[in-house]
Amino acid sequence: MAQEKLFPERQRCRKCAQKLGGPGVPVYQGLYCTPRCAGMAELVLDAANAPRECKTERGGRWEFKRRYRSEIEIPGKLREDPSTSWYACQHCGHLHIGHSRIDLATETHRVLGDRAALADFLVKSRGNATHKQVAELAKIRPIRLKELEDPTSEKVDLSAFFAVLAVYRIKLAAVLREDRSRRPPR
């Protein structure tokens, strides 16, 4: 099955055939001219009431995240940075930038739920440094760092992992959640 053309390659709405795009005109899911054509609910107009995936907190108040109609509209600097990720928002039908680099001055902790999140965290912690530069400081082989950053890699060297964390000046912690139903009686 052929992959469907998306905006800006696609010039007409998939549902009603209206013209897509134009300066500042939204394009939903890369295919549609309106939320109605895309089969989406009407958009929330107040950022405070929008879903979390569509808003960010700046200066103590909620604001909408920057909306991109296609990957081409994402600034090249962000697209080429391996630590940057973007995702399709289910609320507004546009692309948003996820976390790019980790700001150690403001971020104090992060909960990682799976191997992919850990790999993403390591890539973002590395920043602009090369695998070779980090491996030299950690006194490991560069391939070990690449294995840690690949969520599909079956081989993981825990000694290399802790050496890399030491280079990044990151301490590993566990979040223990108390399950009140299993608590022994007093």
# chains A, B, ... in the order shown; residues from 1 in each chain; ligands from 1
>>> closest_atom_pairs(of="region 60-139 of chain A", to="region 23-47 of chain A", cutoff="8 Å", atoms="only C-alpha atoms", output="tab-separated table")
residue	atom	partner	partner_atom	distance
A:Trp62	CA	A:Ala47	CA	5.7
A:Glu63	CA	A:Ala47	CA	5.3
A:Phe64	CA	A:Ala47	CA	5.5
A:Arg69	CA	A:Val27	CA	5.7
A:Ser70	CA	A:Gly30	CA	6.6
A:Ala88	CA	A:Gln29	CA	7.5
A:His91	CA	A:Leu43	CA	6.9
A:Cys92	CA	A:Leu43	CA	6.3
A:Gly93	CA	A:Tyr28	CA	4.7
A:His94	CA	A:Gln29	CA	5.9
>>> write_last_selection(atoms="all heavy atoms", output="short mmCIF file (atom, residue, chain, number, x, y, z; two decimals), in the first residue's frame")
data_model
loop_
_atom_site.label_atom_id
_atom_site.label_comp_id
_atom_site.auth_asym_id
_atom_site.auth_seq_id
_atom_site.Cartn_x
_atom_site.Cartn_y
_atom_site.Cartn_z
N TRP A 62 0.00 28.52 31.38
CA TRP A 62 -0.07 27.60 30.25
C TRP A 62 -0.17 28.36 28.94
O TRP A 62 -0.90 29.35 28.84
CB TRP A 62 -1.28 26.67 30.38
CG TRP A 62 -1.16 25.68 31.48
CD1 TRP A 62 -1.84 25.68 32.65
CD2 TRP A 62 -0.30 24.55 31.51
NE1 TRP A 62 -1.46 24.61 33.43
CE2 TRP A 62 -0.52 23.89 32.74
CE3 TRP A 62 0.64 24.01 30.65
CZ2 TRP A 62 0.16 22.73 33.11
CZ3 TRP A 62 1.31 22.86 31.01
CH2 TRP A 62 1.08 22.24 32.21
N GLU A 63 0.59 27.89 27.94
CA GLU A 63 0.54 28.44 26.59
C GLU A 63 0.49 27.28 25.61
O GLU A 63 0.99 26.20 25.90
CB GLU A 63 1.77 29.30 26.31
CG GLU A 63 1.87 30.53 27.16
CD GLU A 63 3.11 31.35 26.83
OE1 GLU A 63 3.72 31.13 25.76
OE2 GLU A 63 3.45 32.22 27.64
N PHE A 64 -0.10 27.52 24.43
CA PHE A 64 -0.12 26.49 23.41
C PHE A 64 1.30 26.27 22.88
O PHE A 64 2.08 27.22 22.76
CB PHE A 64 -1.03 26.88 22.24
CG PHE A 64 -2.49 26.72 22.56
CD1 PHE A 64 -3.28 27.82 22.77
CD2 PHE A 64 -3.06 25.46 22.64
CE1 PHE A 64 -4.62 27.68 23.06
CE2 PHE A 64 -4.40 25.31 22.93
CZ PHE A 64 -5.18 26.42 23.14
N ARG A 69 2.77 22.45 10.52
CA ARG A 69 1.87 21.73 9.62
C ARG A 69 2.54 20.52 8.99
O ARG A 69 1.87 19.59 8.58
CB ARG A 69 1.37 22.67 8.53
CG ARG A 69 0.60 23.85 9.11
CD ARG A 69 0.13 24.80 8.05
NE ARG A 69 1.26 25.43 7.35
CZ ARG A 69 1.14 26.35 6.41
NH1 ARG A 69 -0.06 26.73 6.02
NH2 ARG A 69 2.18 26.88 5.85
N SER A 70 3.88 20.55 8.89
CA SER A 70 4.63 19.43 8.30
C SER A 70 6.03 19.43 8.88
O SER A 70 6.47 20.42 9.48
CB SER A 70 4.69 19.56 6.78
OG SER A 70 5.51 20.66 6.42
N ALA A 88 2.83 13.96 16.52
CA ALA A 88 1.55 14.43 16.03
C ALA A 88 0.60 14.56 17.21
O ALA A 88 0.36 13.61 17.94
CB ALA A 88 0.99 13.46 15.00
N HIS A 91 -4.93 16.39 19.71
CA HIS A 91 -5.90 17.46 19.97
C HIS A 91 -6.02 18.42 18.79
O HIS A 91 -7.11 18.68 18.30
CB HIS A 91 -5.51 18.24 21.23
CG HIS A 91 -6.32 19.48 21.43
ND1 HIS A 91 -7.67 19.46 21.69
CD2 HIS A 91 -5.98 20.79 21.37
CE1 HIS A 91 -8.12 20.69 21.79
NE2 HIS A 91 -7.12 21.52 21.61
N CYS A 92 -4.86 18.94 18.34
CA CYS A 92 -4.91 19.99 17.31
C CYS A 92 -4.57 19.49 15.90
O CYS A 92 -4.74 20.23 14.94
CB CYS A 92 -3.99 21.15 17.69
SG CYS A 92 -2.24 20.78 17.58
N GLY A 93 -4.09 18.25 15.77
CA GLY A 93 -3.80 17.71 14.46
C GLY A 93 -2.53 18.25 13.82
O GLY A 93 -2.31 18.07 12.63
N HIS A 94 -1.68 18.92 14.59
CA HIS A 94 -0.42 19.46 14.08
C HIS A 94 0.76 18.72 14.73
O HIS A 94 0.57 17.88 15.61
CB HIS A 94 -0.32 20.96 14.39
CG HIS A 94 -1.25 21.78 13.58
ND1 HIS A 94 -2.58 21.97 13.94
CD2 HIS A 94 -1.08 22.46 12.43
CE1 HIS A 94 -3.16 22.75 13.04
NE2 HIS A 94 -2.28 23.05 12.11
#
>>> select_by_dssp(residues="chain A", states="helix (DSSP H, G or I)", output="number ranges by chain")
A: 35-38, 47-49, 52-54, 71-73, 76-80, 115-126, 131-138, 142-149, 158-168, 180-182
>>> select_by_dssp(residues="region 1-183 of chain A", states="strand (DSSP E or B)", output="PyMOL selection string")
chain A and resi 12+19+28+32+55-58+61-64+68+86-88+95-97
>>> atom_distance(atom1="CA of Leu137 (chain A)", atom2="CA of Leu165 (chain A)")
11.0 Å
>>> atom_distance(atom1="CA of Leu158 (chain A)", atom2="CA of Gly127 (chain A)")
21.1 Å
>>> residues_around(residues="Thr56 (chain A)", least_positions_apart="5", cutoff="12 Å", atoms="only C-alpha atoms", output="list in words")
Ala47, Ala48, Asn49, Ala50, Pro51, Arg61, Trp62, Glu63, Phe64, Lys65, Arg66, His96, Ile97, Gly98 and His99 of chain A
